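What follows is the content of run02.cif, which has mmCIF, C-alpha atoms:
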```cif
data_data
loop_
_atom_site.group_PDB
_atom_site.id
_atom_site.type_symbol
_atom_site.label_atom_id
_atom_site.label_comp_id
_atom_site.auth_asym_id
_atom_site.auth_seq_id
_atom_site.Cartn_x
_atom_site.Cartn_y
_atom_site.Cartn_z
ATOM 1 C CA MET A 116 0.000 0.000 0.000
ATOM 2 C CA VAL A 117 1.332 3.396 -1.002
ATOM 3 C CA HIS A 118 1.234 6.209 1.499
ATOM 4 C CA ASN A 119 -0.333 9.563 0.675
ATOM 5 C CA LYS A 120 2.972 11.289 1.188
ATOM 6 C CA THR A 121 4.588 9.004 -1.356
ATOM 7 C CA LYS A 122 1.757 9.710 -3.788
ATOM 8 C CA ILE A 123 2.276 13.451 -3.390
ATOM 9 C CA ILE A 124 6.003 13.076 -3.955
ATOM 10 C CA ILE A 125 5.397 10.955 -7.072
ATOM 11 C CA GLY A 126 2.882 13.509 -8.346
ATOM 12 C CA ILE A 127 5.201 16.445 -7.769
ATOM 13 C CA ALA A 128 8.118 14.589 -9.358
ATOM 14 C CA THR A 129 6.024 13.611 -12.402
ATOM 15 C CA THR A 130 4.771 17.165 -12.767
ATOM 16 C CA LEU A 131 8.272 18.555 -12.516
ATOM 17 C CA LEU A 132 9.472 15.990 -15.047
ATOM 18 C CA LEU A 133 6.720 16.887 -17.489
ATOM 19 C CA VAL A 134 7.301 20.603 -17.000
ATOM 20 C CA THR A 135 11.042 20.153 -17.532
ATOM 21 C CA VAL A 136 10.558 18.037 -20.638
ATOM 22 C CA GLY A 137 8.043 20.569 -21.965
ATOM 23 C CA MET A 138 10.420 23.452 -21.326
ATOM 24 C CA CYS A 139 13.238 21.573 -23.025
ATOM 25 C CA ALA A 140 11.020 20.903 -26.038
ATOM 26 C CA GLY A 141 9.992 24.560 -26.092
ATOM 27 C CA PHE A 142 13.567 25.740 -25.884
ATOM 28 C CA PHE A 143 14.572 23.367 -28.659
ATOM 29 C CA TYR A 144 11.735 24.666 -30.808
ATOM 30 C CA LEU A 145 12.895 28.238 -30.206
ATOM 31 C CA VAL A 146 16.480 27.248 -30.930
ATOM 32 C CA GLU A 147 15.416 25.598 -34.173
ATOM 33 C CA GLN A 148 13.557 28.737 -35.197
ATOM 34 C CA HIS A 149 16.604 30.850 -34.432
ATOM 35 C CA LYS A 150 18.713 28.338 -36.299
ATOM 36 C CA LEU A 151 16.618 28.782 -39.444
ATOM 37 C CA THR A 152 16.907 32.547 -39.156
ATOM 38 C CA LEU A 153 20.630 32.238 -38.537
ATOM 39 C CA ASN A 154 20.939 29.930 -41.523
ATOM 40 C CA GLU A 155 19.276 32.471 -43.802
ATOM 41 C CA GLN A 156 21.461 35.244 -42.445
ATOM 42 C CA MET A 157 24.600 33.163 -42.876
ATOM 43 C CA ILE A 158 23.614 32.463 -46.488
ATOM 44 C CA LYS A 159 23.097 36.182 -47.054
ATOM 45 C CA ILE A 160 26.436 36.967 -45.436
ATOM 46 C CA ALA A 161 28.183 34.335 -47.536
ATOM 47 C CA GLN A 162 26.582 35.700 -50.694
ATOM 48 C CA GLU A 163 27.551 39.237 -49.781
ATOM 49 C CA ARG A 164 31.083 38.120 -48.996
ATOM 50 C CA THR A 165 31.326 36.291 -52.313
ATOM 51 C CA ARG A 166 29.916 39.312 -54.126
ATOM 52 C CA LYS A 167 32.416 41.515 -52.345
ATOM 53 C CA ASP A 168 35.300 39.198 -53.260
ATOM 54 C CA ASN A 169 34.146 39.122 -56.871
ATOM 55 C CA LEU A 170 33.886 42.893 -56.914
ATOM 56 C CA ALA A 171 37.339 43.261 -55.372
ATOM 57 C CA ALA A 172 38.759 40.872 -57.976
ATOM 58 C CA LEU A 173 36.996 42.837 -60.691
ATOM 59 C CA VAL A 174 38.411 46.115 -59.381
ATOM 60 C CA ARG A 175 41.890 44.579 -59.283
ATOM 61 C CA THR A 176 41.439 43.366 -62.853
ATOM 62 C CA VAL A 177 40.237 46.791 -63.929
ATOM 63 C CA GLU A 178 43.217 48.440 -62.253
ATOM 64 C CA SER A 179 45.756 45.996 -63.650
ATOM 65 C CA SER A 180 44.298 46.132 -67.158
ATOM 66 C CA LYS A 181 44.156 49.917 -67.324
ATOM 67 C CA GLU A 182 46.963 50.169 -69.853
ATOM 68 C CA GLU A 183 45.600 47.387 -72.045
ATOM 69 C CA ARG A 184 42.119 48.878 -72.021
ATOM 70 C CA SER A 185 43.533 52.248 -72.920
ATOM 71 C CA ASN A 186 45.413 50.628 -75.787
ATOM 72 C CA PHE A 187 42.239 48.879 -76.952
ATOM 73 C CA THR A 188 40.222 52.057 -76.703
ATOM 74 C CA SER A 189 42.738 53.912 -78.829
ATOM 75 C CA ARG A 190 42.056 51.404 -81.638
ATOM 76 C CA ILE A 191 38.411 52.364 -81.800
ATOM 77 C CA ILE A 192 37.646 55.785 -83.118
ATOM 78 C CA THR A 193 35.294 58.255 -81.538
ATOM 79 C CA GLU A 194 32.862 60.644 -83.136
ATOM 80 C CA GLU A 195 35.459 63.399 -83.039
ATOM 81 C CA GLN A 196 38.064 61.241 -84.795
ATOM 82 C CA VAL A 197 35.967 60.461 -87.866
ATOM 83 C CA ILE A 198 37.174 63.526 -89.711
ATOM 84 C CA ASP A 199 40.778 62.720 -88.786
ATOM 85 C CA LEU A 200 40.305 59.172 -90.076
ATOM 86 C CA LEU A 201 38.947 60.379 -93.403
ATOM 87 C CA ALA A 202 41.823 62.842 -93.635
ATOM 88 C CA LEU A 203 44.280 60.036 -92.870
ATOM 89 C CA ILE A 204 42.754 57.845 -95.581
ATOM 90 C CA GLU A 205 42.971 60.614 -98.152
ATOM 91 C CA THR A 206 46.538 61.416 -97.087
ATOM 92 C CA VAL A 207 47.472 57.775 -97.479
ATOM 93 C CA GLY A 208 46.008 57.743 -100.997
ATOM 94 C CA ARG A 209 47.808 60.950 -101.889
ATOM 95 C CA GLU A 210 51.105 59.567 -100.547
ATOM 96 C CA GLN A 211 50.745 56.525 -102.778
ATOM 97 C CA GLY A 212 49.938 58.629 -105.843
ATOM 98 C CA THR A 213 46.262 57.833 -106.121
ATOM 99 C CA THR A 214 43.272 60.065 -106.201
ATOM 100 C CA LEU A 215 41.271 58.752 -103.290
ATOM 101 C CA ALA A 216 37.790 60.077 -102.694
ATOM 102 C CA THR A 217 35.191 59.232 -100.125
ATOM 103 C CA LYS A 218 31.937 58.465 -101.895
ATOM 104 C CA SER A 219 29.689 57.698 -98.982
ATOM 105 C CA LEU A 220 29.797 57.265 -95.272
ATOM 106 C CA THR A 221 27.139 55.444 -93.264
ATOM 107 C CA ALA A 222 26.977 54.319 -89.654
ATOM 108 C CA ASN A 223 25.527 50.887 -88.896
ATOM 109 C CA PRO A 224 24.700 50.229 -85.243
ATOM 110 C CA LEU A 225 26.325 47.144 -83.715
ATOM 111 C CA ASN A 226 25.201 47.284 -80.090
ATOM 112 C CA ALA A 227 24.613 49.798 -77.319
ATOM 113 C CA THR A 228 28.246 50.929 -77.319
ATOM 114 C CA PHE A 229 29.598 50.518 -80.822
ATOM 115 C CA GLU A 230 28.617 51.202 -84.368
ATOM 116 C CA GLU A 231 30.366 50.480 -87.636
ATOM 117 C CA LEU A 232 31.275 53.104 -90.155
ATOM 118 C CA GLU A 233 30.845 51.906 -93.706
ATOM 119 C CA ILE A 234 33.141 53.985 -95.888
ATOM 120 C CA HIS A 235 32.889 53.691 -99.680
ATOM 121 C CA LEU A 236 36.085 54.872 -101.364
ATOM 122 C CA GLU A 237 37.121 55.278 -104.936
ATOM 123 C CA ALA A 238 40.758 55.424 -106.044
ATOM 124 C CA THR A 239 42.352 56.188 -109.365
ATOM 125 C CA GLY A 240 45.989 55.729 -110.263
ATOM 126 C CA THR A 241 48.589 53.267 -111.411
ATOM 127 C CA TYR A 242 48.161 49.619 -110.551
ATOM 128 C CA GLU A 243 50.978 49.711 -108.024
ATOM 129 C CA ALA A 244 49.603 52.834 -106.355
ATOM 130 C CA VAL A 245 46.125 51.368 -106.136
ATOM 131 C CA VAL A 246 47.391 48.092 -104.687
ATOM 132 C CA ASN A 247 49.632 49.915 -102.199
ATOM 133 C CA THR A 248 46.674 52.021 -101.145
ATOM 134 C CA LEU A 249 44.635 48.867 -100.633
ATOM 135 C CA GLY A 250 47.442 47.400 -98.529
ATOM 136 C CA LEU A 251 47.501 50.494 -96.360
ATOM 137 C CA LEU A 252 43.729 50.495 -95.954
ATOM 138 C CA GLU A 253 43.973 46.893 -94.764
ATOM 139 C CA GLN A 254 46.569 47.890 -92.175
ATOM 140 C CA LEU A 255 44.829 50.953 -90.776
ATOM 141 C CA PRO A 256 45.806 51.208 -87.092
ATOM 142 C CA TYR A 257 42.201 50.961 -85.977
ATOM 143 C CA GLN A 258 39.610 48.239 -85.584
ATOM 144 C CA SER A 259 38.791 48.089 -89.285
ATOM 145 C CA ARG A 260 38.603 45.761 -92.244
ATOM 146 C CA VAL A 261 38.226 46.020 -95.982
ATOM 147 C CA THR A 262 35.180 44.060 -97.114
ATOM 148 C CA GLN A 263 34.863 44.837 -100.817
ATOM 149 C CA VAL A 264 37.489 45.518 -103.459
ATOM 150 C CA LEU A 265 36.866 46.139 -107.139
ATOM 151 C CA ILE A 266 39.765 47.078 -109.425
ATOM 152 C CA THR A 267 39.264 47.839 -113.098
ATOM 153 C CA ASN A 268 41.501 49.398 -115.720
ATOM 154 C CA SER A 269 40.709 52.082 -118.197
ATOM 155 C CA GLY A 270 42.461 54.460 -120.548
ATOM 156 C CA ASP A 271 44.452 53.871 -123.676
ATOM 157 C CA GLU A 272 47.333 51.480 -124.154
ATOM 158 C CA GLU A 273 50.000 54.111 -123.486
ATOM 159 C CA LYS A 274 48.671 55.264 -120.171
ATOM 160 C CA ILE A 275 46.560 52.720 -118.373
ATOM 161 C CA GLU A 276 44.657 54.064 -115.394
ATOM 162 C CA TRP A 277 43.259 51.796 -112.747
ATOM 163 C CA ASN A 278 40.040 52.541 -110.950
ATOM 164 C CA ALA A 279 39.331 50.882 -107.643
ATOM 165 C CA SER A 280 36.443 50.979 -105.252
ATOM 166 C CA PHE A 281 36.819 49.865 -101.655
ATOM 167 C CA VAL A 282 34.417 49.373 -98.803
ATOM 168 C CA VAL A 283 36.086 49.818 -95.421
ATOM 169 C CA LEU A 284 34.304 49.025 -92.174
ATOM 170 C CA VAL A 285 35.624 50.867 -89.121
ATOM 171 C CA THR A 286 34.333 50.255 -85.615
ATOM 172 C CA LYS A 287 33.607 53.416 -83.642
ATOM 173 C CA PHE A 288 32.093 54.392 -80.343
ATOM 174 C CA LYS A 289 28.542 55.576 -80.533
ATOM 175 C CA LYS A 290 27.966 59.231 -79.925
ATOM 176 C CA ILE A 291 26.882 59.655 -76.326
ATOM 177 C CA MET B 218 3.241 -33.056 8.038
ATOM 178 C CA LYS B 219 3.689 -31.916 11.499
ATOM 179 C CA PHE B 220 3.688 -28.148 12.072
ATOM 180 C CA ASN B 221 6.946 -26.995 13.509
ATOM 181 C CA ILE B 222 6.733 -23.719 15.405
ATOM 182 C CA ASN B 223 10.431 -23.142 14.976
ATOM 183 C CA PHE B 224 10.147 -23.101 11.175
ATOM 184 C CA PHE B 225 9.985 -19.289 10.887
ATOM 185 C CA LYS B 226 12.627 -18.864 13.485
ATOM 186 C CA LYS B 227 14.959 -20.937 11.431
ATOM 187 C CA ARG B 228 14.345 -18.878 8.252
ATOM 188 C CA THR B 229 17.385 -16.728 7.753
ATOM 189 C CA PHE B 230 15.687 -13.832 5.890
ATOM 190 C CA LEU B 231 13.704 -12.911 8.906
ATOM 191 C CA ARG B 232 16.690 -12.618 11.096
ATOM 192 C CA GLN B 233 17.522 -9.154 12.340
ATOM 193 C CA SER B 234 20.993 -9.013 10.827
ATOM 194 C CA HIS B 235 19.798 -10.096 7.365
ATOM 195 C CA ALA B 236 16.924 -7.655 7.449
ATOM 196 C CA LYS B 237 19.369 -4.801 7.995
ATOM 197 C CA THR B 238 21.441 -5.911 5.049
ATOM 198 C CA SER B 239 18.373 -6.012 2.755
ATOM 199 C CA VAL B 240 17.305 -2.470 3.605
ATOM 200 C CA GLN B 241 20.803 -1.184 2.908
ATOM 201 C CA LYS B 242 20.738 -2.896 -0.462
ATOM 202 C CA LEU B 243 17.389 -1.394 -1.376
ATOM 203 C CA LEU B 244 18.028 2.171 -0.226
ATOM 204 C CA ASN B 245 21.543 3.541 -0.593
ATOM 205 C CA PRO B 246 21.643 7.362 -0.902
ATOM 206 C CA THR B 247 25.260 7.504 -2.010
ATOM 207 C CA ARG B 248 24.629 5.026 -4.772
ATOM 208 C CA GLU B 249 21.432 6.792 -5.877
ATOM 209 C CA TRP B 250 23.160 10.163 -5.947
ATOM 210 C CA ALA B 251 26.085 8.753 -7.871
ATOM 211 C CA THR B 252 23.752 7.092 -10.366
ATOM 212 C CA GLY B 253 21.779 10.305 -10.772
ATOM 213 C CA LEU B 254 24.844 12.451 -11.235
ATOM 214 C CA VAL B 255 26.442 10.054 -13.694
ATOM 215 C CA SER B 256 23.206 9.803 -15.695
ATOM 216 C CA THR B 257 22.876 13.586 -15.733
ATOM 217 C CA GLY B 258 26.505 13.922 -16.793
ATOM 218 C CA VAL B 259 26.052 11.415 -19.615
ATOM 219 C CA ILE B 260 22.895 13.174 -20.818
ATOM 220 C CA PHE B 261 24.662 16.542 -20.575
ATOM 221 C CA ILE B 262 27.666 15.287 -22.550
ATOM 222 C CA ILE B 263 25.433 13.773 -25.237
ATOM 223 C CA PHE B 264 23.432 16.982 -25.640
ATOM 224 C CA ALA B 265 26.520 19.167 -25.483
ATOM 225 C CA GLY B 266 28.124 17.053 -28.203
ATOM 226 C CA TYR B 267 25.009 17.281 -30.349
ATOM 227 C CA ILE B 268 24.756 21.039 -29.884
ATOM 228 C CA GLY B 269 28.465 21.507 -30.571
ATOM 229 C CA TYR B 270 28.242 19.401 -33.712
ATOM 230 C CA ASP B 271 25.156 21.309 -34.796
ATOM 231 C CA PHE B 272 26.933 24.603 -34.206
ATOM 232 C CA TYR B 273 29.942 23.409 -36.205
ATOM 233 C CA ILE B 274 27.693 22.356 -39.079
ATOM 234 C CA GLN B 275 25.903 25.675 -38.987
ATOM 235 C CA TYR B 276 29.082 27.719 -38.700
ATOM 236 C CA GLU B 277 31.288 25.899 -41.171
ATOM 237 C CA GLY B 278 28.837 24.132 -43.386
ATOM 238 C CA VAL B 279 26.656 27.023 -44.445
ATOM 239 C CA GLU B 280 29.247 28.801 -46.526
ATOM 240 C CA SER B 281 30.250 25.715 -48.449
ATOM 241 C CA ALA B 282 26.618 24.819 -49.051
ATOM 242 C CA THR B 283 25.644 28.349 -49.998
ATOM 243 C CA PRO B 284 24.626 28.726 -53.621
ATOM 244 C CA VAL B 285 26.927 31.462 -54.900
ATOM 245 C CA GLU B 286 26.021 33.523 -57.907
ATOM 246 C CA GLU B 287 28.612 32.901 -60.577
ATOM 247 C CA SER B 288 29.334 36.334 -61.934
ATOM 248 C CA ILE B 289 33.082 36.155 -62.091
ATOM 249 C CA VAL B 290 34.562 38.201 -64.899
ATOM 250 C CA VAL B 291 37.212 36.198 -66.677
ATOM 251 C CA TYR B 292 40.087 38.276 -67.938
ATOM 252 C CA ARG B 293 42.094 36.353 -70.514
ATOM 253 C CA GLN B 294 45.376 38.190 -70.364
ATOM 254 C CA LYS B 295 47.064 35.961 -72.949
ATOM 255 C CA ASP B 296 44.325 36.672 -75.487
ATOM 256 C CA VAL B 297 44.508 40.378 -74.730
ATOM 257 C CA ALA B 298 48.291 40.377 -75.136
ATOM 258 C CA ALA B 299 48.007 38.474 -78.419
ATOM 259 C CA ILE B 300 45.408 40.898 -79.784
ATOM 260 C CA LEU B 301 47.423 43.915 -78.696
ATOM 261 C CA GLU B 302 50.464 42.429 -80.385
ATOM 262 C CA THR B 303 48.404 41.997 -83.536
ATOM 263 C CA TYR B 304 47.419 45.651 -83.366
ATOM 264 C CA GLN B 305 51.028 46.688 -82.826
ATOM 265 C CA ASN B 306 52.213 44.619 -85.763
ATOM 266 C CA ARG B 307 49.446 46.087 -87.853
ATOM 267 C CA GLU B 308 50.467 49.611 -86.902
ATOM 268 C CA LYS B 309 54.120 48.850 -87.665
ATOM 269 C CA GLU B 310 53.159 47.431 -91.030
ATOM 270 C CA PHE B 311 50.997 50.486 -91.728
ATOM 271 C CA MET B 312 53.906 52.793 -90.931
ATOM 272 C CA ARG B 313 56.340 50.657 -92.907
ATOM 273 C CA LEU B 314 54.110 50.801 -95.972
ATOM 274 C CA ARG B 315 53.864 54.560 -95.602
ATOM 275 C CA GLY B 316 57.623 54.738 -95.387
ATOM 276 C CA ILE B 317 57.762 55.829 -91.756
ATOM 277 C CA ARG B 318 59.970 54.058 -89.298
ATOM 278 C CA PRO B 319 58.014 53.176 -86.165
ATOM 279 C CA GLN B 320 60.960 54.168 -83.963
ATOM 280 C CA GLN B 321 60.791 57.765 -85.127
ATOM 281 C CA ILE B 322 58.652 60.431 -83.638
ATOM 282 C CA ILE B 323 58.137 63.720 -85.421
ATOM 283 C CA ILE B 324 57.693 66.672 -83.118
ATOM 284 C CA PRO B 325 57.524 70.362 -83.976
ATOM 285 C CA VAL B 326 60.538 72.481 -83.074
ATOM 286 C CA PRO B 327 59.972 75.833 -81.376
ATOM 287 C CA SER B 328 60.550 78.633 -83.834
ATOM 288 C CA ASN B 329 63.833 80.550 -83.512
ATOM 289 C CA GLU B 330 65.970 82.573 -85.824
ATOM 290 C CA ASP B 331 68.489 79.853 -86.611
ATOM 291 C CA ALA B 332 65.986 77.153 -87.364
ATOM 292 C CA THR B 333 65.751 76.155 -91.002
ATOM 293 C CA SER B 334 63.048 73.548 -90.494
ATOM 294 C CA THR B 335 59.878 73.372 -88.479
ATOM 295 C CA GLU B 336 60.201 69.640 -87.821
ATOM 296 C CA MET B 337 62.912 67.373 -86.566
ATOM 297 C CA GLU B 338 63.236 63.657 -86.109
ATOM 298 C CA ILE B 339 64.286 62.177 -82.822
ATOM 299 C CA PRO B 340 65.235 58.513 -83.152
ATOM 300 C CA LEU B 341 64.384 56.588 -80.047
ATOM 301 C CA ALA B 342 66.446 53.764 -78.687
ATOM 302 C CA GLU B 343 65.825 50.481 -80.463
#
```
Kindly return the structure encoded in the file as structure tokens.
Amino acid sequence: MVHNKTKIIIGIATTLLLVTVGMCAGFFYLVEQHKLTLNEQMIKIAQERTRKDNLAALVRTVESSKEERSNFTSRIITEEQVIDLLALIETVGREQGTTLATKSLTANPLNATFEELEIHLEATGTYEAVVNTLGLLEQLPYQSRVTQVLITNSGDEEKIEWNASFVVLVTKFKKI
Amino acid sequence: MKFNINFFKKRTFLRQSHAKTSVQKLLNPTREWATGLVSTGVIFIIFAGYIGYDFYIQYEGVESATPVEESIVVYRQKDVAAILETYQNREKEFMRLRGIRPQQIIIPVPSNEDATSTEMEIPLAE
């Protein structure tokens, strides 16, 4: 037979046990909730840190490639340099003994930053002069290429004149 | 069977000395305290280990498991150097075809009375 005092002690102990277990479960639930929040914050921190590292690496790359970028940029003409380019082309033709004339000039957009100048040229002169002029147009110190070449001869047998038409594409910065 | 009154007296478990021994075996405060403390210590160690492991996973594991946005800009220096060299060669060839040596720079000379030319060539070191 169990005494009343023993029953009370068992009841109190059971109650305390249940309360303790319940508090532990509650604390664990709270900890788990905090853990989820912490997890999200850690992910954000890691992403920010990675973004920061990437940005720092990008800045370093930008700093270290300053000279190269400047060199690249100098190969692409700007709006203000178009006249100088045309003058250079005509000077080159004159130096080689050809009559070089710009027939048309159009700008074809490439993307948000660049466009392509399409320059139609006509040259008249000796065969050697025309070919030398073509060689120089191919080696223009800019981002350019010659896409069309047509060379024909004319004149009498004593003095043969060669007519040439060229299409030169030159990449340029868009006007801001 | 004849009832023997001395039967219970002969039973050893009812003897006073044995009864004392049985009570000591059933209730031993030192042993109960030791058992309780050891059990609590074991439970504490298990939970502490779990929490420490969980903390380690959370602290170290999150970064490695974090999905990182791949936005790394790749700078191919060899390609850049090759292209720049192509441009340089192209410029040299352009100047060679024009009859200008790339090592020469033409700069204007300040006007003075003795000058007979407005330009001079300064050859740079090869």
Give me, as JSON lines, each residue of chain A that comes within 9 Å of chain B, together with its shortest interatomic pair and the distance in Å at one decimal, counting all atoms listed in the file, with rows ordered by chain and rising residue number.
```
{"residue": "A:Lys150", "atom": "CA", "partner": "B:Gln275", "partner_atom": "CA", "distance": 8.1}
{"residue": "A:Leu153", "atom": "CA", "partner": "B:Gln275", "partner_atom": "CA", "distance": 8.4}
{"residue": "A:Asn154", "atom": "CA", "partner": "B:Gln275", "partner_atom": "CA", "distance": 7.0}
{"residue": "A:Met157", "atom": "CA", "partner": "B:Val279", "partner_atom": "CA", "distance": 6.7}
{"residue": "A:Ile158", "atom": "CA", "partner": "B:Thr283", "partner_atom": "CA", "distance": 5.8}
{"residue": "A:Lys159", "atom": "CA", "partner": "B:Thr283", "partner_atom": "CA", "distance": 8.7}
{"residue": "A:Ile160", "atom": "CA", "partner": "B:Glu280", "partner_atom": "CA", "distance": 8.7}
{"residue": "A:Ala161", "atom": "CA", "partner": "B:Glu280", "partner_atom": "CA", "distance": 5.7}
{"residue": "A:Gln162", "atom": "CA", "partner": "B:Val285", "partner_atom": "CA", "distance": 6.0}
{"residue": "A:Thr165", "atom": "CA", "partner": "B:Val285", "partner_atom": "CA", "distance": 7.0}
{"residue": "A:Arg166", "atom": "CA", "partner": "B:Glu286", "partner_atom": "CA", "distance": 7.9}
{"residue": "A:Asn169", "atom": "CA", "partner": "B:Ile289", "partner_atom": "CA", "distance": 6.1}
{"residue": "A:Leu170", "atom": "CA", "partner": "B:Ile289", "partner_atom": "CA", "distance": 8.5}
{"residue": "A:Ala172", "atom": "CA", "partner": "B:Ile289", "partner_atom": "CA", "distance": 8.5}
{"residue": "A:Leu173", "atom": "CA", "partner": "B:Val290", "partner_atom": "CA", "distance": 6.7}
{"residue": "A:Thr176", "atom": "CA", "partner": "B:Tyr292", "partner_atom": "CA", "distance": 7.3}
{"residue": "A:Ser180", "atom": "CA", "partner": "B:Gln294", "partner_atom": "CA", "distance": 8.6}
{"residue": "A:Glu183", "atom": "CA", "partner": "B:Val297", "partner_atom": "CA", "distance": 7.6}
{"residue": "A:Asn186", "atom": "CA", "partner": "B:Leu301", "partner_atom": "CA", "distance": 7.6}
{"residue": "A:Phe187", "atom": "CA", "partner": "B:Leu301", "partner_atom": "CA", "distance": 7.4}
{"residue": "A:Arg190", "atom": "CA", "partner": "B:Tyr304", "partner_atom": "CA", "distance": 8.1}
{"residue": "A:Val207", "atom": "CA", "partner": "B:Arg315", "partner_atom": "CA", "distance": 7.4}
{"residue": "A:Glu210", "atom": "CA", "partner": "B:Arg315", "partner_atom": "CA", "distance": 7.6}
{"residue": "A:Gln211", "atom": "CA", "partner": "B:Arg315", "partner_atom": "CA", "distance": 8.1}
{"residue": "A:Asn247", "atom": "CA", "partner": "B:Leu314", "partner_atom": "CA", "distance": 7.7}
{"residue": "A:Gly250", "atom": "CA", "partner": "B:Leu314", "partner_atom": "CA", "distance": 7.9}
{"residue": "A:Leu251", "atom": "CA", "partner": "B:Phe311", "partner_atom": "CA", "distance": 5.8}
{"residue": "A:Leu252", "atom": "CA", "partner": "B:Phe311", "partner_atom": "CA", "distance": 8.4}
{"residue": "A:Glu253", "atom": "CA", "partner": "B:Phe311", "partner_atom": "CA", "distance": 8.5}
{"residue": "A:Gln254", "atom": "CA", "partner": "B:Phe311", "partner_atom": "CA", "distance": 5.2}
{"residue": "A:Leu255", "atom": "CA", "partner": "B:Phe311", "partner_atom": "CA", "distance": 6.3}
{"residue": "A:Pro256", "atom": "CA", "partner": "B:Glu308", "partner_atom": "CA", "distance": 4.9}
{"residue": "A:Tyr257", "atom": "CA", "partner": "B:Tyr304", "partner_atom": "CA", "distance": 7.9}
{"residue": "A:Gln258", "atom": "CA", "partner": "B:Tyr304", "partner_atom": "CA", "distance": 8.5}
```
Specify as an mmCIF file with C-alpha atoms, keeping the file's coordinate frame each residue included when the PyMOL selection byres ((chain A and resi 281) around 6) is applied to this file.
```cif
data_model
loop_
_atom_site.group_PDB
_atom_site.id
_atom_site.type_symbol
_atom_site.label_atom_id
_atom_site.label_comp_id
_atom_site.auth_asym_id
_atom_site.auth_seq_id
_atom_site.Cartn_x
_atom_site.Cartn_y
_atom_site.Cartn_z
ATOM 1 C CA HIS A 235 32.889 53.691 -99.680
ATOM 2 C CA LEU A 236 36.085 54.872 -101.364
ATOM 3 C CA GLN A 263 34.863 44.837 -100.817
ATOM 4 C CA VAL A 264 37.489 45.518 -103.459
ATOM 5 C CA SER A 280 36.443 50.979 -105.252
ATOM 6 C CA VAL A 282 34.417 49.373 -98.803
#
```
Atom CA of Ser259 of chain A to atom CA of Leu284 of chain A, straight-line distance in Å: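 Spanning atom CA of Leu284 of chain A to atom CA of Ser259 of chain A is a straight-line distance of 5.4 Å.
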The centre and edge lengths of an axis-aligned box containing all atoms of segment 206-224 of chain A present in the file, extended by 8 Å on each side, are to be given in Å to one decimal, as JSON.
```
{"center_x": 37.9, "center_y": 55.8, "center_z": -95.7, "size_x": 42.4, "size_y": 27.2, "size_z": 37.0}
```
Output of the PyMOL selection byres ((chain A and resi 196) around 12), listed as a ChimeraX atom specification: /A:189-195,197-203,232,257,285-290
Expected selection from the PyMOL selection byres ((chain A and resi 268) around 6), given as an NGL selection string: :A and (267 or 269 or 276-278)
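Relative to atom CA of Met138 of chain A, atom CA of Glu155 of chain A is found at 25.8 Å.
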Contact residues around Glu237 of chain A with only C-alpha atoms at 6 Å, ignoring same-chain residues under 4 positions, as a PyMOL selection string: chain A and resi 215-216+279-280
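Interatomic distance, atom CA of Thr239 of chain A to atom CA of Val261 of chain A: 17.3 Å.
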Test item: residues at most 9 Å from Thr221 of chain A, only C-alpha atoms, excluding those fewer than 2 positions along its chain, as a list in words: Ser219, Asn223, Glu231, Leu232, Glu233, Ile234 and His235 of chain A
Ref. answer, residues at most 9 Å from (18.0, 20.7, -27.8) with all atoms listed in the file, as a list in words: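 Residues with an atom at most 9 Å from (18.0, 20.7, -27.8): Cys139, Ala140, Phe142, Phe143, Tyr144, Val146 and Glu147 of chain A; Phe264, Ala265, Tyr267 and Ile268 of chain B.
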Keeping C-alpha atoms, export the residues of the selection given above as a PDB file, in the frame of the given file.
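out.pdb, written as the output of this step:
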```
ATOM      1  CA  CYS A 139      13.238  21.573 -23.025  1.00  0.00           C
ATOM      2  CA  ALA A 140      11.020  20.903 -26.038  1.00  0.00           C
ATOM      3  CA  PHE A 142      13.567  25.740 -25.884  1.00  0.00           C
ATOM      4  CA  PHE A 143      14.572  23.367 -28.659  1.00  0.00           C
ATOM      5  CA  TYR A 144      11.735  24.666 -30.808  1.00  0.00           C
ATOM      6  CA  VAL A 146      16.480  27.248 -30.930  1.00  0.00           C
ATOM      7  CA  GLU A 147      15.416  25.598 -34.173  1.00  0.00           C
TER       8      GLU A 147
ATOM      9  CA  PHE B 264      23.432  16.982 -25.640  1.00  0.00           C
ATOM     10  CA  ALA B 265      26.520  19.167 -25.483  1.00  0.00           C
ATOM     11  CA  TYR B 267      25.009  17.281 -30.349  1.00  0.00           C
ATOM     12  CA  ILE B 268      24.756  21.039 -29.884  1.00  0.00           C
TER      13      ILE B 268
END
```
